[in-house]
file data_13.cif (mmCIF, C-alpha atoms, pLDDT in the B column; chains and numbers go by the auth columns)
data_my_file
#
loop_
_atom_site.group_PDB
_atom_site.id
_atom_site.type_symbol
_atom_site.label_atom_id
_atom_site.label_comp_id
_atom_site.label_asym_id
_atom_site.label_seq_id
_atom_site.Cartn_x
_atom_site.Cartn_y
_atom_site.Cartn_z
_atom_site.B_iso_or_equiv
_atom_site.auth_seq_id
_atom_site.auth_asym_id
ATOM 1 C CA MET A 1 147.790 6.657 -7.238 49.00 1 A
ATOM 2 C CA LYS A 2 149.371 6.559 -10.704 47.00 2 A
ATOM 3 C CA LYS A 3 151.135 3.297 -9.835 46.00 3 A
ATOM 4 C CA LEU A 4 147.838 1.791 -8.698 41.00 4 A
ATOM 5 C CA LEU A 5 146.040 2.802 -11.914 40.00 5 A
ATOM 6 C CA LEU A 6 148.939 1.518 -14.012 39.00 6 A
ATOM 7 C CA SER A 7 148.868 -1.804 -12.129 42.00 7 A
ATOM 8 C CA ILE A 8 145.114 -2.134 -12.654 45.00 8 A
ATOM 9 C CA ALA A 9 145.468 -1.348 -16.382 42.00 9 A
ATOM 10 C CA ILE A 10 148.242 -3.943 -16.805 46.00 10 A
ATOM 11 C CA LEU A 11 146.186 -6.536 -14.915 44.00 11 A
ATOM 12 C CA ALA A 12 143.122 -5.813 -17.075 47.00 12 A
ATOM 13 C CA ILE A 13 145.115 -6.172 -20.303 48.00 13 A
ATOM 14 C CA PHE A 14 146.629 -9.430 -19.071 46.00 14 A
ATOM 15 C CA ASN A 15 143.191 -10.831 -18.190 51.00 15 A
ATOM 16 C CA LEU A 16 141.708 -9.858 -21.570 47.00 16 A
ATOM 17 C CA THR A 17 144.504 -11.514 -23.543 49.00 17 A
ATOM 18 C CA ALA A 18 144.359 -14.630 -21.355 50.00 18 A
ATOM 19 C CA CYS A 19 140.608 -14.979 -21.983 49.00 19 A
ATOM 20 C CA LYS A 20 141.020 -14.658 -25.742 47.00 20 A
ATOM 21 C CA LYS A 21 143.661 -17.374 -25.765 44.00 21 A
ATOM 22 C CA THR A 22 141.425 -19.730 -23.763 46.00 22 A
ATOM 23 C CA GLU A 23 138.465 -19.120 -26.073 44.00 23 A
ATOM 24 C CA SER A 24 140.489 -19.896 -29.206 44.00 24 A
ATOM 25 C CA GLU A 25 141.787 -23.127 -27.642 46.00 25 A
ATOM 26 C CA ASN A 26 138.209 -24.198 -26.810 63.00 26 A
ATOM 27 C CA ASN A 27 137.153 -23.659 -30.436 85.00 27 A
ATOM 28 C CA SER A 28 139.681 -26.185 -31.739 94.00 28 A
ATOM 29 C CA ILE A 29 138.312 -29.494 -32.980 97.00 29 A
ATOM 30 C CA ILE A 30 141.446 -31.194 -31.636 97.00 30 A
ATOM 31 C CA GLY A 31 140.686 -33.305 -28.596 97.00 31 A
ATOM 32 C CA LYS A 32 138.426 -36.095 -27.430 98.00 32 A
ATOM 33 C CA TRP A 33 134.641 -35.778 -27.764 98.00 33 A
ATOM 34 C CA GLN A 34 131.840 -37.968 -26.458 96.00 34 A
ATOM 35 C CA VAL A 35 128.936 -38.388 -28.865 95.00 35 A
ATOM 36 C CA GLU A 36 125.601 -37.519 -27.271 94.00 36 A
ATOM 37 C CA SER A 37 123.473 -38.087 -30.385 93.00 37 A
ATOM 38 C CA TYR A 38 123.869 -39.111 -34.047 90.00 38 A
ATOM 39 C CA VAL A 39 120.454 -38.251 -35.501 93.00 39 A
ATOM 40 C CA VAL A 40 119.397 -38.799 -39.118 91.00 40 A
ATOM 41 C CA THR A 41 116.095 -37.078 -40.002 93.00 41 A
ATOM 42 C CA ASN A 42 113.668 -38.721 -42.443 89.00 42 A
ATOM 43 C CA PHE A 43 115.690 -41.920 -42.046 83.00 43 A
ATOM 44 C CA GLU A 44 115.331 -44.066 -45.187 83.00 44 A
ATOM 45 C CA ASN A 45 112.345 -41.932 -46.242 84.00 45 A
ATOM 46 C CA THR A 46 110.238 -43.008 -43.254 87.00 46 A
ATOM 47 C CA GLY A 47 109.606 -39.463 -42.025 89.00 47 A
ATOM 48 C CA LYS A 48 111.106 -40.534 -38.688 92.00 48 A
ATOM 49 C CA ASP A 49 114.288 -39.508 -36.943 93.00 49 A
ATOM 50 C CA GLN A 50 116.832 -42.245 -36.184 89.00 50 A
ATOM 51 C CA ASP A 51 119.415 -41.787 -33.414 88.00 51 A
ATOM 52 C CA ASP A 52 122.055 -44.363 -34.218 76.00 52 A
ATOM 53 C CA THR A 53 123.689 -44.017 -30.785 80.00 53 A
ATOM 54 C CA LYS A 54 120.584 -43.995 -28.562 80.00 54 A
ATOM 55 C CA ASP A 55 120.989 -45.946 -25.321 76.00 55 A
ATOM 56 C CA GLU A 56 124.617 -46.828 -26.060 74.00 56 A
ATOM 57 C CA SER A 57 126.801 -47.201 -23.014 74.00 57 A
ATOM 58 C CA PRO A 58 129.617 -46.414 -23.067 81.00 58 A
ATOM 59 C CA ARG A 59 128.891 -43.506 -25.367 86.00 59 A
ATOM 60 C CA PRO A 60 130.768 -43.364 -28.701 90.00 60 A
ATOM 61 C CA THR A 61 133.905 -41.206 -28.786 94.00 61 A
ATOM 62 C CA LEU A 62 135.632 -39.125 -31.457 95.00 62 A
ATOM 63 C CA GLU A 63 139.278 -38.194 -30.968 97.00 63 A
ATOM 64 C CA PHE A 64 140.727 -35.590 -33.334 97.00 64 A
ATOM 65 C CA LYS A 65 144.520 -35.599 -33.065 97.00 65 A
ATOM 66 C CA GLU A 66 146.946 -32.820 -34.005 97.00 66 A
ATOM 67 C CA ASP A 67 148.521 -35.001 -36.715 97.00 67 A
ATOM 68 C CA GLY A 68 145.242 -34.952 -38.698 97.00 68 A
ATOM 69 C CA SER A 69 144.017 -38.383 -37.631 97.00 69 A
ATOM 70 C CA LEU A 70 140.579 -39.173 -36.263 96.00 70 A
ATOM 71 C CA HIS A 71 139.901 -42.198 -34.071 95.00 71 A
ATOM 72 C CA ALA A 72 136.194 -42.937 -33.567 92.00 72 A
ATOM 73 C CA ILE A 73 134.742 -45.804 -31.538 90.00 73 A
ATOM 74 C CA PHE A 74 131.058 -46.788 -31.795 82.00 74 A
ATOM 75 C CA TYR A 75 129.321 -49.518 -29.765 77.00 75 A
ATOM 76 C CA PHE A 76 126.247 -51.718 -30.084 68.00 76 A
ATOM 77 C CA LYS A 77 124.366 -54.234 -27.968 65.00 77 A
ATOM 78 C CA ASP A 78 124.607 -57.870 -28.961 64.00 78 A
ATOM 79 C CA LEU A 79 121.459 -59.528 -30.304 62.00 79 A
ATOM 80 C CA LEU A 80 120.422 -60.723 -26.844 62.00 80 A
ATOM 81 C CA GLY A 81 121.019 -57.268 -25.367 59.00 81 A
ATOM 82 C CA ASN A 82 123.391 -58.649 -22.742 60.00 82 A
ATOM 83 C CA ASN A 83 126.684 -56.953 -23.576 62.00 83 A
ATOM 84 C CA GLN A 84 128.119 -53.951 -25.319 62.00 84 A
ATOM 85 C CA ASN A 85 130.439 -54.812 -28.188 66.00 85 A
ATOM 86 C CA THR A 86 132.519 -52.534 -30.380 63.00 86 A
ATOM 87 C CA ILE A 87 130.673 -52.093 -33.651 68.00 87 A
ATOM 88 C CA ASP A 88 133.214 -49.914 -35.366 76.00 88 A
ATOM 89 C CA ASP A 89 136.694 -48.638 -34.630 84.00 89 A
ATOM 90 C CA VAL A 90 137.111 -46.010 -37.348 88.00 90 A
ATOM 91 C CA GLN A 91 140.555 -44.538 -37.990 94.00 91 A
ATOM 92 C CA VAL A 92 140.784 -41.985 -40.799 95.00 92 A
ATOM 93 C CA LYS A 93 142.611 -38.783 -41.674 97.00 93 A
ATOM 94 C CA TYR A 94 140.780 -35.461 -41.529 96.00 94 A
ATOM 95 C CA THR A 95 141.236 -31.932 -42.853 96.00 95 A
ATOM 96 C CA VAL A 96 139.536 -28.731 -41.740 96.00 96 A
ATOM 97 C CA THR A 97 138.917 -25.791 -44.064 96.00 97 A
ATOM 98 C CA GLY A 98 136.901 -23.051 -42.401 95.00 98 A
ATOM 99 C CA ASP A 99 133.786 -24.790 -41.067 96.00 99 A
ATOM 100 C CA LYS A 100 134.204 -27.846 -43.340 97.00 100 A
ATOM 101 C CA LEU A 101 135.452 -31.186 -42.030 96.00 101 A
ATOM 102 C CA ASN A 102 136.525 -33.739 -44.638 96.00 102 A
ATOM 103 C CA LEU A 103 137.484 -37.325 -43.845 95.00 103 A
ATOM 104 C CA SER A 104 139.640 -39.724 -45.885 95.00 104 A
ATOM 105 C CA GLY A 105 137.063 -42.455 -45.195 89.00 105 A
ATOM 106 C CA ASN A 106 133.549 -42.792 -43.825 86.00 106 A
ATOM 107 C CA LEU A 107 132.666 -42.030 -40.222 81.00 107 A
ATOM 108 C CA ALA A 108 129.492 -44.098 -40.657 76.00 108 A
ATOM 109 C CA PHE A 109 127.431 -44.982 -43.716 74.00 109 A
ATOM 110 C CA ASN A 110 128.743 -42.640 -46.449 78.00 110 A
ATOM 111 C CA HIS A 111 129.400 -39.820 -43.961 85.00 111 A
ATOM 112 C CA ASN A 112 132.797 -38.419 -44.914 89.00 112 A
ATOM 113 C CA SER A 113 132.193 -34.652 -44.948 94.00 113 A
ATOM 114 C CA PHE A 114 130.445 -32.292 -42.546 95.00 114 A
ATOM 115 C CA THR A 115 130.078 -28.670 -41.621 97.00 115 A
ATOM 116 C CA PHE A 116 130.889 -28.110 -37.973 97.00 116 A
ATOM 117 C CA SER A 117 130.618 -25.603 -35.182 97.00 117 A
ATOM 118 C CA ILE A 118 131.922 -25.532 -31.616 97.00 118 A
ATOM 119 C CA SER A 119 130.348 -23.584 -28.775 96.00 119 A
ATOM 120 C CA ASN A 120 130.691 -24.075 -25.016 95.00 120 A
ATOM 121 C CA ASN A 121 132.624 -27.327 -25.539 96.00 121 A
ATOM 122 C CA ILE A 122 129.835 -28.770 -27.710 97.00 122 A
ATOM 123 C CA LEU A 123 130.739 -29.958 -31.210 97.00 123 A
ATOM 124 C CA ILE A 124 127.958 -30.025 -33.815 98.00 124 A
ATOM 125 C CA LEU A 125 128.591 -31.883 -37.099 96.00 125 A
ATOM 126 C CA LYS A 126 125.967 -31.550 -39.856 97.00 126 A
ATOM 127 C CA ARG A 127 125.414 -32.864 -43.371 95.00 127 A
ATOM 128 C CA THR A 128 122.592 -33.240 -45.894 93.00 128 A
ATOM 129 C CA ASP A 129 122.264 -36.283 -48.149 88.00 129 A
ATOM 130 C CA LYS A 130 120.103 -37.305 -51.074 85.00 130 A
ATOM 131 C CA SER A 131 119.256 -40.999 -50.818 80.00 131 A
ATOM 132 C CA GLY A 132 117.266 -43.556 -52.780 77.00 132 A
ATOM 133 C CA ILE A 133 117.028 -46.069 -49.905 75.00 133 A
ATOM 134 C CA GLY A 134 113.397 -46.792 -49.068 71.00 134 A
ATOM 135 C CA ASN A 135 112.109 -45.167 -52.279 73.00 135 A
ATOM 136 C CA LYS A 136 110.385 -46.728 -55.225 74.00 136 A
ATOM 137 C CA ASN A 137 111.137 -45.991 -58.884 76.00 137 A
ATOM 138 C CA GLY A 138 114.617 -44.636 -58.168 75.00 138 A
ATOM 139 C CA GLU A 139 113.300 -41.449 -56.537 83.00 139 A
ATOM 140 C CA THR A 140 115.446 -39.701 -53.961 87.00 140 A
ATOM 141 C CA HIS A 141 114.692 -38.072 -50.645 87.00 141 A
ATOM 142 C CA THR A 142 116.638 -35.792 -48.317 91.00 142 A
ATOM 143 C CA GLU A 143 118.162 -36.901 -45.019 91.00 143 A
ATOM 144 C CA ASN A 144 119.839 -34.499 -42.600 94.00 144 A
ATOM 145 C CA THR A 145 122.426 -35.792 -40.166 93.00 145 A
ATOM 146 C CA LYS A 146 123.363 -33.989 -36.959 96.00 146 A
ATOM 147 C CA ILE A 147 125.991 -35.290 -34.566 94.00 147 A
ATOM 148 C CA THR A 148 126.254 -33.642 -31.154 97.00 148 A
ATOM 149 C CA ALA A 149 129.339 -34.321 -29.014 97.00 149 A
ATOM 150 C CA ARG A 150 130.703 -32.919 -25.753 97.00 150 A
ATOM 151 C CA ARG A 151 134.416 -32.255 -25.171 98.00 151 A
ATOM 152 C CA LEU A 152 135.936 -34.628 -22.612 96.00 152 A
#
call {"tool": "encode", "arguments": {"input": "data_13.cif", "output": "structure tokens"}}
result
Amino acid sequence: MKKLLLSIAILAIFNLTACKKTESENNSIIGKWQVESYVVTNFENTGKDQDDTKDESPRPTLEFKEDGSLHAIFYFKDLLGNNQNTIDDVQVKYTVTGDKLNLSGNLAFNHNSFTFSISNNILILKRTDKSGIGNKNGETHTENTKITARRL
């Protein structure tokens, strides 16, 4: 009976440590992600939300590599809507400090820093910007950007 209890205890400890290791691996930004949405709220002070990746196929991808490089590919339809063409093949360096992601260049527009979170293989990147685009008299407005991506 003691051997059985000892075996069960060892098995339980092994399972708990294995789960913790898996969870920490899943919370790493390293890997390939498929963008599901790239939404900017109050886009150019219109009061509307703009999803810059809506209806794109294939979906944009972000690949964070262990060496600190990010490779992002975005697509767009040609003017006639017949084909998908690469709009941007972004390759920059990145650093992570806590929940802050900083890029050596722009992901899109002036987007070179984000806060991020990862849960259930979903990556959320967020940022807030003050912009004068679409405003008169040099006034500014606030735009919030939220990128949602799924781990591939």
call {"tool": "resolve_selection", "arguments": {"input": "data_13.cif", "expression": "the PyMOL selection byres ((chain A and resi 48-56) around 9)", "output": "compact mmCIF listing (two decimals) with C-alpha atoms, in the frame of the given file"}}
result
# COMPACT_ATOMS: atom_id res chain seq x y z
CA VAL A 35 128.94 -38.39 -28.86
CA GLU A 36 125.60 -37.52 -27.27
CA SER A 37 123.47 -38.09 -30.38
CA TYR A 38 123.87 -39.11 -34.05
CA VAL A 39 120.45 -38.25 -35.50
CA VAL A 40 119.40 -38.80 -39.12
CA THR A 41 116.10 -37.08 -40.00
CA ASN A 42 113.67 -38.72 -42.44
CA PHE A 43 115.69 -41.92 -42.05
CA GLU A 44 115.33 -44.07 -45.19
CA ASN A 45 112.34 -41.93 -46.24
CA THR A 46 110.24 -43.01 -43.25
CA GLY A 47 109.61 -39.46 -42.02
CA SER A 57 126.80 -47.20 -23.01
CA PRO A 58 129.62 -46.41 -23.07
CA ARG A 59 128.89 -43.51 -25.37
CA PRO A 60 130.77 -43.36 -28.70
CA PHE A 74 131.06 -46.79 -31.80
CA TYR A 75 129.32 -49.52 -29.76
CA PHE A 76 126.25 -51.72 -30.08
CA LYS A 77 124.37 -54.23 -27.97
CA GLN A 84 128.12 -53.95 -25.32
call {"tool": "axis_aligned_box", "arguments": {"input": "data_13.cif", "around": "region 99-116 of chain A", "padding_each_side": "8 Å", "output": "JSON"}}
result
{"center_x": 133.5, "center_y": -34.9, "center_z": -42.2, "size_x": 28.2, "size_y": 36.2, "size_z": 24.5}
call {"tool": "closest_residue", "arguments": {"input": "data_13.cif", "among": "A:Gln34, A:Ser131, A:Ser119, A:Ser69", "to": "Asn102 (chain A)", "atoms": "all atoms listed in the file"}}
result
A:Ser69
call {"tool": "atom_distance", "arguments": {"input": "data_13.cif", "atom1": "CA of Asn135 (chain A)", "atom2": "CA of Phe114 (chain A)"}}
result
24.4 Å
call {"tool": "closest_residue", "arguments": {"input": "data_13.cif", "among": "A:Thr148, A:Asn27, A:Asn120, A:Gln91", "to": "Asn106 (chain A)", "atoms": "all atoms listed in the file"}}
result
A:Gln91
call {"tool": "closest_residue", "arguments": {"input": "data_13.cif", "among": "A:Thr128, A:Ser117, A:Ser28, A:Thr140", "to": "Phe64 (chain A)", "atoms": "all atoms listed in the file"}}
result
A:Ser28
call {"tool": "closest_residue", "arguments": {"input": "data_13.cif", "among": "A:Leu62, A:Ile118, A:Ile30, A:Ile133", "to": "Asp99 (chain A)", "atoms": "only C-alpha atoms"}}
result
A:Ile118
